[in-house]
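Engineer: Structure file final.txt (compact mmCIF, C-alpha atoms) right here:
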```
# COMPACT_ATOMS: atom_id res chain seq x y z
CA MET A 1 69.80 99.01 103.24
CA ARG A 2 71.52 100.40 100.16
CA ASN A 3 68.66 99.24 97.89
CA TYR A 4 66.06 100.93 100.08
CA LEU A 5 68.10 104.14 100.04
CA VAL A 6 68.36 104.05 96.25
CA ALA A 7 64.60 103.52 95.96
CA PHE A 8 63.88 106.33 98.43
CA LEU A 9 66.11 108.77 96.58
CA MET A 10 64.56 107.75 93.28
CA PHE A 11 61.05 108.51 94.57
CA ILE A 12 62.21 111.92 95.81
CA CYS A 13 63.64 112.66 92.38
CA VAL A 14 60.39 111.53 90.72
CA ALA A 15 58.33 113.80 92.96
CA ALA A 16 60.59 116.77 92.33
CA ALA A 17 60.62 116.20 88.59
CA LYS A 18 56.83 115.77 88.43
CA ALA A 19 56.43 119.10 90.15
CA GLN A 20 58.25 120.65 87.18
CA GLY A 21 56.39 118.54 84.65
CA GLU A 22 59.59 116.80 83.55
CA ALA A 23 59.46 113.28 85.02
CA TYR A 24 57.87 111.39 82.12
CA GLN A 25 55.37 111.72 79.33
CA PHE A 26 52.97 109.29 77.66
CA PHE A 27 52.26 109.71 73.94
CA THR A 28 50.01 108.02 71.44
CA SER A 29 51.71 106.58 68.37
CA LYS A 30 50.59 109.76 66.57
CA GLY A 31 52.60 111.91 68.96
CA LYS A 32 49.71 113.23 71.04
CA LYS A 33 50.42 113.70 74.74
CA ILE A 34 48.16 111.77 77.10
CA GLU A 35 47.91 111.42 80.86
CA MET A 36 47.95 108.32 83.05
CA LYS A 37 44.15 108.31 83.35
CA GLN A 38 43.89 108.08 79.56
CA VAL A 39 46.45 105.27 79.49
CA LEU A 40 44.37 103.37 82.05
CA LYS A 41 41.20 103.96 80.03
CA LYS A 42 42.81 102.46 76.94
CA ALA A 43 44.23 99.62 79.05
CA GLY A 44 40.77 98.92 80.41
CA GLU A 45 39.48 98.34 76.89
CA ALA A 46 42.16 95.72 76.08
CA ASP A 47 42.19 91.99 76.78
CA VAL A 48 45.96 91.95 77.30
CA VAL A 49 48.16 94.89 78.25
CA PHE A 50 51.89 94.75 77.57
CA PHE A 51 54.37 97.05 79.24
CA GLY A 52 57.66 96.85 77.33
CA GLU A 53 60.34 98.04 79.71
CA LEU A 54 63.93 99.14 79.84
CA HIS A 55 65.08 96.58 82.39
CA ASN A 56 67.30 98.91 84.42
CA ASN A 57 65.13 102.05 84.52
CA SER A 58 63.71 102.53 88.01
CA LEU A 59 61.30 105.29 87.02
CA GLY A 60 59.83 103.03 84.37
CA HIS A 61 59.31 100.26 86.93
CA TRP A 62 57.54 102.68 89.27
CA LEU A 63 55.19 103.58 86.42
CA GLN A 64 54.60 99.89 85.73
CA LEU A 65 53.42 99.60 89.31
CA GLN A 66 51.06 102.57 88.90
CA VAL A 67 49.53 100.98 85.79
CA LEU A 68 49.18 97.71 87.71
CA LYS A 69 47.36 99.50 90.55
CA GLY A 70 45.05 101.24 88.10
CA LEU A 71 44.25 98.03 86.24
CA HIS A 72 43.62 96.14 89.47
CA ALA A 73 41.20 98.81 90.71
CA GLU A 74 38.92 97.94 87.78
CA ASN A 75 39.87 94.26 87.44
CA PRO A 76 40.29 92.58 90.85
CA ASP A 77 40.94 89.21 89.18
CA LEU A 78 43.70 90.56 86.97
CA VAL A 79 46.41 88.06 85.97
CA VAL A 80 49.99 89.35 85.95
CA GLY A 81 52.88 87.79 84.05
CA SER A 82 56.51 88.72 83.64
CA GLU A 83 59.62 87.89 81.69
CA ILE A 84 61.79 88.17 84.79
CA PHE A 85 60.68 84.75 86.03
CA GLU A 86 61.36 81.52 84.17
CA ARG A 87 58.70 78.82 84.06
CA GLU A 88 60.74 76.70 86.47
CA ASP A 89 60.08 79.32 89.17
CA GLN A 90 56.28 79.00 89.00
CA LEU A 91 56.14 76.64 91.98
CA ASN A 92 58.23 79.06 94.08
CA LEU A 93 55.91 81.90 93.13
CA ASP A 94 52.76 79.92 93.88
CA GLU A 95 54.05 78.75 97.26
CA TRP A 96 55.04 82.25 98.34
CA PHE A 97 51.76 83.78 97.18
CA ALA A 98 49.91 81.03 99.10
CA ASP A 99 51.99 81.76 102.26
CA GLN A 100 53.40 78.23 102.15
CA ILE A 101 56.94 79.60 102.14
CA SER A 102 58.32 82.92 103.38
CA GLU A 103 59.36 85.79 101.16
CA SER A 104 62.99 85.24 102.15
CA SER A 105 62.73 81.57 101.17
CA PHE A 106 61.21 82.54 97.85
CA GLU A 107 63.97 85.04 97.16
CA SER A 108 66.70 82.59 98.10
CA GLU A 109 65.35 79.88 95.78
CA ALA A 110 64.06 81.85 92.79
CA LYS A 111 66.39 82.98 90.01
CA LEU A 112 66.13 86.71 90.69
CA TRP A 113 67.51 89.45 88.48
CA LYS A 114 70.15 91.64 90.10
CA ASN A 115 67.82 94.65 90.32
CA TYR A 116 64.86 92.65 91.64
CA THR A 117 64.84 94.22 95.11
CA VAL A 118 64.58 97.82 93.93
CA ASP A 119 62.77 97.50 90.61
CA TYR A 120 60.55 94.41 90.75
CA ARG A 121 59.86 93.51 94.36
CA PRO A 122 57.20 96.26 94.79
CA ILE A 123 55.27 94.81 91.82
CA LEU A 124 55.44 91.30 93.28
CA ARG A 125 54.44 92.45 96.76
CA PHE A 126 51.44 94.39 95.44
CA SER A 127 50.33 91.39 93.37
CA LYS A 128 50.61 89.09 96.36
CA GLU A 129 48.85 91.53 98.69
CA LYS A 130 45.90 91.73 96.31
CA GLY A 131 45.74 87.96 95.75
CA LEU A 132 46.54 88.15 92.05
CA LYS A 133 47.74 85.22 89.99
CA PHE A 134 51.34 85.83 88.90
CA ILE A 135 52.73 83.82 85.99
CA ALA A 136 56.39 83.06 85.37
CA THR A 137 56.33 83.27 81.58
CA ASN A 138 59.91 83.06 80.36
CA VAL A 139 61.80 80.06 79.02
CA PRO A 140 64.60 78.81 81.28
CA ARG A 141 67.79 80.59 80.29
CA LYS A 142 69.67 77.31 79.79
CA TYR A 143 67.33 76.27 76.96
CA ALA A 144 67.57 79.65 75.22
CA SER A 145 71.34 79.33 75.52
CA LEU A 146 71.20 75.84 74.02
CA VAL A 147 69.25 77.15 71.03
CA SER A 148 71.62 80.09 70.56
CA LYS A 149 74.47 77.61 70.17
CA LYS A 150 72.83 74.68 68.35
CA GLY A 151 69.51 75.90 66.96
CA LEU A 152 65.91 74.93 67.71
CA GLY A 153 66.52 71.35 66.63
CA ALA A 154 68.51 70.80 69.82
CA LEU A 155 65.28 71.02 71.84
CA ASP A 156 63.98 67.76 70.36
CA SER A 157 66.34 65.74 72.55
CA LEU A 158 65.07 67.27 75.82
CA SER A 159 63.12 65.16 78.30
CA PRO A 160 59.30 65.39 78.45
CA GLN A 161 59.59 67.30 81.74
CA ALA A 162 62.05 69.80 80.26
CA LYS A 163 59.69 70.42 77.35
CA THR A 164 56.96 71.57 79.74
CA TYR A 165 59.07 74.68 80.36
CA ILE A 166 59.22 75.73 76.70
CA ALA A 167 56.74 76.53 73.95
CA ARG A 168 55.20 73.65 72.02
CA LEU A 169 57.53 72.18 69.44
CA PRO A 170 58.16 72.84 66.66
CA VAL A 171 58.43 76.60 67.27
CA GLU A 172 57.62 78.61 64.17
CA VAL A 173 60.07 81.44 63.46
CA ASP A 174 59.40 84.11 60.85
CA MET A 175 62.89 85.33 60.00
CA THR A 176 61.41 88.11 57.82
CA LEU A 177 59.93 90.00 60.78
CA PRO A 178 61.63 93.43 60.92
CA GLY A 179 62.64 92.97 64.56
CA TYR A 180 64.43 89.70 63.89
CA MET A 181 66.00 91.08 60.71
CA ALA A 182 67.30 94.05 62.71
CA MET A 183 68.82 91.63 65.23
CA LYS A 184 70.61 89.85 62.41
CA ASP A 185 71.97 93.15 61.09
CA MET A 186 73.19 94.13 64.58
CA MET A 187 75.02 90.81 64.93
CA HIS A 188 76.76 91.11 61.56
CA GLY A 189 80.37 90.14 62.07
CA ALA A 190 79.84 89.04 65.68
CA PRO A 191 80.83 85.53 66.78
CA GLY A 192 78.18 82.82 66.71
CA ASN A 193 75.38 81.88 64.33
CA PRO A 194 73.00 84.85 63.82
CA GLU A 195 70.08 82.59 62.88
CA PHE A 196 70.51 80.54 66.05
CA MET A 197 70.53 83.75 68.11
CA ILE A 198 67.29 84.84 66.48
CA GLN A 199 65.81 81.40 67.11
CA ALA A 200 66.70 81.76 70.79
CA GLN A 201 64.92 85.13 70.86
CA ALA A 202 61.92 83.60 69.14
CA LEU A 203 61.88 80.75 71.66
CA LYS A 204 61.58 83.32 74.45
CA ASP A 205 58.84 85.18 72.58
CA ALA A 206 56.88 82.01 71.82
CA THR A 207 57.21 80.68 75.37
CA MET A 208 56.08 83.94 76.96
CA ALA A 209 53.11 84.09 74.60
CA GLU A 210 52.11 80.48 75.24
CA SER A 211 52.35 81.06 78.99
CA LEU A 212 49.42 83.47 78.61
CA PHE A 213 47.21 81.17 76.52
CA ALA A 214 45.37 79.67 79.51
CA PRO A 215 44.20 82.90 81.20
CA ILE A 216 43.33 84.43 77.84
CA SER A 217 41.28 81.37 76.89
CA SER A 218 39.38 81.61 80.17
CA GLY A 219 38.56 85.27 79.55
CA GLU A 220 40.83 86.73 82.24
CA LYS A 221 42.44 90.13 81.76
CA VAL A 222 46.23 89.94 81.57
CA TYR A 223 48.99 92.44 82.33
CA HIS A 224 52.41 91.37 81.08
CA ILE A 225 55.77 92.97 81.85
CA ASN A 226 58.69 92.28 79.52
CA GLY A 227 61.70 93.83 77.87
CA ALA A 228 60.67 96.40 75.29
CA TYR A 229 62.20 94.50 72.37
CA HIS A 230 59.95 91.48 73.04
CA SER A 231 56.87 93.54 72.14
CA LYS A 232 58.27 96.38 70.00
CA ASP A 233 56.26 97.21 66.88
CA GLY A 234 53.67 94.58 67.79
CA GLU A 235 56.12 91.78 67.06
CA GLY A 236 57.80 89.26 69.37
CA ILE A 237 55.36 87.95 71.97
CA LEU A 238 52.46 89.77 70.34
CA TRP A 239 53.09 88.08 66.97
CA TYR A 240 52.67 84.66 68.58
CA LEU A 241 49.59 85.73 70.54
CA LYS A 242 47.90 87.14 67.45
CA LYS A 243 48.47 83.87 65.60
CA GLU A 244 46.64 81.98 68.36
CA PHE A 245 44.00 84.64 69.08
CA PRO A 246 43.46 86.76 65.92
CA ASN A 247 40.69 88.84 67.51
CA LEU A 248 42.51 89.57 70.75
CA LYS A 249 42.45 93.22 71.85
CA LEU A 250 46.03 94.14 72.71
CA LEU A 251 47.52 97.32 74.14
CA ASN A 252 51.27 97.73 73.82
CA ILE A 253 52.91 100.30 76.09
CA HIS A 254 56.50 100.82 74.97
CA MET A 255 59.18 102.53 77.05
CA VAL A 256 61.94 104.71 75.57
CA THR A 257 64.29 107.46 76.73
CA GLN A 258 64.79 110.82 75.05
CA ASP A 259 66.76 113.98 75.82
CA GLN A 260 63.55 115.97 75.74
CA LEU A 261 60.01 115.01 76.74
CA ASP A 262 58.00 117.65 74.94
CA LYS A 263 57.81 115.86 71.59
CA LEU A 264 57.86 112.21 70.58
CA GLU A 265 60.76 111.50 68.25
CA ASP A 266 59.77 109.95 64.91
CA GLU A 267 61.96 106.87 65.40
CA ASN A 268 59.96 105.94 68.52
CA SER A 269 56.47 106.64 67.23
CA GLN A 270 55.45 103.22 65.92
CA ALA A 271 56.93 101.03 68.66
CA GLY A 272 53.60 100.69 70.48
CA GLU A 273 50.08 102.10 70.73
CA ILE A 274 51.31 104.10 73.72
CA ILE A 275 54.88 105.34 74.08
CA LEU A 276 56.23 106.16 77.53
CA VAL A 277 59.07 108.65 77.22
CA LEU A 278 61.51 108.92 80.13
CA PRO A 279 64.41 111.36 80.51
CA SER A 280 67.73 110.13 79.16
CA ASP A 281 69.27 110.85 82.56
CA SER A 282 66.63 109.04 84.62
CA HIS A 283 67.93 106.68 87.32
CA ILE A 284 69.22 103.28 86.28
CA THR A 285 70.11 100.41 88.60
CA TYR A 286 72.94 98.93 86.56
```
As structure tokens, what does this structure read like?
Structural biologist:
Amino acid sequence: MRNYLVAFLMFICVAAAKAQGEAYQFFTSKGKKIEMKQVLKKAGEADVVFFGELHNNSLGHWLQLQVLKGLHAENPDLVVGSEIFEREDQLNLDEWFADQISESSFESEAKLWKNYTVDYRPILRFSKEKGLKFIATNVPRKYASLVSKKGLGALDSLSPQAKTYIARLPVEVDMTLPGYMAMKDMMHGAPGNPEFMIQAQALKDATMAESLFAPISSGEKVYHINGAYHSKDGEGILWYLKKEFPNLKLLNIHMVTQDQLDKLEDENSQAGEIILVLPSDSHITY
């Protein structure tokens, strides 16, 4: 009941803020304001649309759902993928979407994030209602953890079945990418091996990218939801996709928060082709 109340209050706040023109604002990377209909037009021209999120921002998740609805209206066979589900949960997803198990059974068996009910369930329910294919794209957390402690070489000893849940080995990692270099700088002085931590991040990026290879190869339009850092500046997942599909048309929507919505701050301008700016005090779930 509490989750429903939080969601209800959030929607009231969104409606009130929109009435004052202060709920959110989309920008191009050049700082030009654009509306949702323009975002959807650009999304319609892309083969794959990424929505890089702030995991705990409920307003951002509501906008993800609106983009999903707009994309589906023009692409009834749209394929949806998300970081929030690990590859091991694909069977659970497929069985629920096929009505072979109940929603409650799915939620009791899947590895759900703590804000799933409020922030992600509406996206899943819409996808199921419309008969969309939903892909669990992320690497199982235990394998990313293994790499963060022992490096990518530790994956070689996994069983053949375990390796079906991760990107093809060996995983290439470009340590010179600005995003990975920034991670290394942020971890300076922290416990653990910084290179192993970056390798774990790269394993996630590579696995999420590879999870989309099949629908892309078959010409299906894809909408992928992931943490903003996994697609920031066209790196992360997008770097691996572009290596496999150099001519792929990508649209990267990147979510940030700012104290003011009237102007895009310079530090956020190059993070994606479209920047979604949300208020710094917008509702968060944790």
Engineer: Distance cut-off 10 Å, centre (56.2, 97.3, 73.5) in file coordinates, counting only C-alpha atoms: which residues qualify? Return them as a CSV table (one decimal) with C-alpha atoms, in the coordinates of the input.
Structural biologist:
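As written to disk, result.csv reads:
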```csv
chain,number,residue,atom,x,y,z
A,49,VAL,CA,48.2,94.9,78.2
A,50,PHE,CA,51.9,94.8,77.6
A,51,PHE,CA,54.4,97.0,79.2
A,52,GLY,CA,57.7,96.8,77.3
A,53,GLU,CA,60.3,98.0,79.7
A,225,ILE,CA,55.8,93.0,81.8
A,226,ASN,CA,58.7,92.3,79.5
A,227,GLY,CA,61.7,93.8,77.9
A,228,ALA,CA,60.7,96.4,75.3
A,229,TYR,CA,62.2,94.5,72.4
A,230,HIS,CA,60.0,91.5,73.0
A,231,SER,CA,56.9,93.5,72.1
A,232,LYS,CA,58.3,96.4,70.0
A,233,ASP,CA,56.3,97.2,66.9
A,234,GLY,CA,53.7,94.6,67.8
A,235,GLU,CA,56.1,91.8,67.1
A,236,GLY,CA,57.8,89.3,69.4
A,237,ILE,CA,55.4,88.0,72.0
A,238,LEU,CA,52.5,89.8,70.3
A,251,LEU,CA,47.5,97.3,74.1
A,252,ASN,CA,51.3,97.7,73.8
A,253,ILE,CA,52.9,100.3,76.1
A,254,HIS,CA,56.5,100.8,75.0
A,255,MET,CA,59.2,102.5,77.0
A,256,VAL,CA,61.9,104.7,75.6
A,270,GLN,CA,55.4,103.2,65.9
A,271,ALA,CA,56.9,101.0,68.7
A,272,GLY,CA,53.6,100.7,70.5
A,273,GLU,CA,50.1,102.1,70.7
A,274,ILE,CA,51.3,104.1,73.7
A,275,ILE,CA,54.9,105.3,74.1
A,276,LEU,CA,56.2,106.2,77.5
```
Engineer: One decimal, Å: what's the distance from CA of Lys128 in chain A over to CA of Lys114 in chain A, could you say?
Structural biologist: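 One can read the CA of Lys128 in chain A to CA of Lys114 in chain A distance as 20.7 Å.
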Engineer: Between A:Leu261, A:Val80, A:Ala73, A:Ala46, which has the minimum distance to Lys133 in chain A (counting all atoms listed in the file)?
Structural biologist: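 Using all atoms listed in the file, Lys133 in chain A sits closest to A:Val80.
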Engineer: Given all atoms listed in the file as the basis, pick out the residue of A:Glu88, A:Glu265, A:Glu195, A:Glu129 nearest to Arg141 in chain A.
Structural biologist: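 Smallest separation from Arg141 in chain A among the options: A:Glu88.
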Engineer: Please compute the CA of Phe126 in chain A-CA of Gln66 in chain A distance, one decimal, in Å.
Structural biologist: 10.5 Å
Engineer: Please indicate the distance in Å from CA of Gln64 in chain A to CA of Met36 in chain A, rounded to one decimal place.
Structural biologist: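 Computing it gives 11.1 Å between the two atoms.
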Engineer: Between A:Ile123, A:Leu248, A:Val48, A:Ser280, which has the minimum distance to Glu22 in chain A (counting all atoms listed in the file)?
Structural biologist: A:Ser280
Engineer: Give the answer as one residue: which of A:Glu103, A:Glu83, A:Glu244, A:Glu220 has the shortest atom-to-atom distance to Thr117 in chain A, using all atoms listed in the file?
Structural biologist: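 Using all atoms listed in the file, Thr117 in chain A sits closest to A:Glu103.
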Engineer: Compare A:Val39, A:Ala200, A:Ala98, A:Leu169 by their minimum atom-to-atom distance to Leu146 in chain A, counting all atoms listed in the file, and give me the closest one.
Structural biologist: A:Ala200
Engineer: From the options A:Leu112, A:Ile284, A:Val79, A:Ala136, which residue's atoms come nearest to Tyr223 in chain A, counting all atoms listed in the file?
Structural biologist: A:Val79
Engineer: Using all atoms listed in the file, which residues sit within 12 Å of Val222 in chain A once same-chain residues fewer than 4 positions away are excluded, as a PyMOL selection string?
Structural biologist: chain A and resi 43-51+68+71-72+75-82+132-135+209+211-218+248-251
Engineer: Go ahead and dump the residues you just picked, C-alpha atoms, as a tab-separated table (two decimals), in the frame of the given file.
Structural biologist:
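Now in out05.tsv:
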```
chain	number	residue	atom	x	y	z
A	43	ALA	CA	44.23	99.62	79.05
A	44	GLY	CA	40.77	98.92	80.41
A	45	GLU	CA	39.48	98.34	76.89
A	46	ALA	CA	42.16	95.72	76.08
A	47	ASP	CA	42.19	91.99	76.78
A	48	VAL	CA	45.96	91.95	77.30
A	49	VAL	CA	48.16	94.89	78.25
A	50	PHE	CA	51.89	94.75	77.57
A	51	PHE	CA	54.37	97.05	79.24
A	68	LEU	CA	49.18	97.71	87.71
A	71	LEU	CA	44.25	98.03	86.24
A	72	HIS	CA	43.62	96.14	89.47
A	75	ASN	CA	39.87	94.26	87.44
A	76	PRO	CA	40.29	92.58	90.85
A	77	ASP	CA	40.94	89.21	89.18
A	78	LEU	CA	43.70	90.56	86.97
A	79	VAL	CA	46.41	88.06	85.97
A	80	VAL	CA	49.99	89.35	85.95
A	81	GLY	CA	52.88	87.79	84.05
A	82	SER	CA	56.51	88.72	83.64
A	132	LEU	CA	46.54	88.15	92.05
A	133	LYS	CA	47.74	85.22	89.99
A	134	PHE	CA	51.34	85.83	88.90
A	135	ILE	CA	52.73	83.82	85.99
A	209	ALA	CA	53.11	84.09	74.60
A	211	SER	CA	52.35	81.06	78.99
A	212	LEU	CA	49.42	83.47	78.61
A	213	PHE	CA	47.21	81.17	76.52
A	214	ALA	CA	45.37	79.67	79.51
A	215	PRO	CA	44.20	82.90	81.20
A	216	ILE	CA	43.33	84.43	77.84
A	217	SER	CA	41.28	81.37	76.89
A	218	SER	CA	39.38	81.61	80.17
A	248	LEU	CA	42.51	89.57	70.75
A	249	LYS	CA	42.45	93.22	71.85
A	250	LEU	CA	46.03	94.14	72.71
A	251	LEU	CA	47.52	97.32	74.14
```
Engineer: Excluding Val171 in chain A and its own-chain neighbours fewer than 6 positions away, which residues fall within 9 Å of it when counting only C-alpha atoms? Please give them as a VMD selection string.
Structural biologist: chain A and resid 152 199 202 to 203 206
Engineer: With a distance cut-off of 9 Å and all atoms listed in the file, select the neighbouring residues of Gln260 in chain A, excluding the residue or stretch itself and same-chain residues fewer than 3 positions from it, and output the selection as a PDB file with C-alpha atoms, in the coordinates of the input.
Structural biologist:
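Contents of selection_21.pdb, freshly written:
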```pdb
ATOM      1  CA  GLU A  22      59.590 116.800  83.550  1.00  0.00           C
ATOM      2  CA  THR A 257      64.290 107.460  76.730  1.00  0.00           C
ATOM      3  CA  LYS A 263      57.810 115.860  71.590  1.00  0.00           C
ATOM      4  CA  LEU A 264      57.860 112.210  70.580  1.00  0.00           C
ATOM      5  CA  VAL A 277      59.070 108.650  77.220  1.00  0.00           C
ATOM      6  CA  LEU A 278      61.510 108.920  80.130  1.00  0.00           C
ATOM      7  CA  PRO A 279      64.410 111.360  80.510  1.00  0.00           C
ATOM      8  CA  SER A 280      67.730 110.130  79.160  1.00  0.00           C
TER       9      SER A 280
END
```
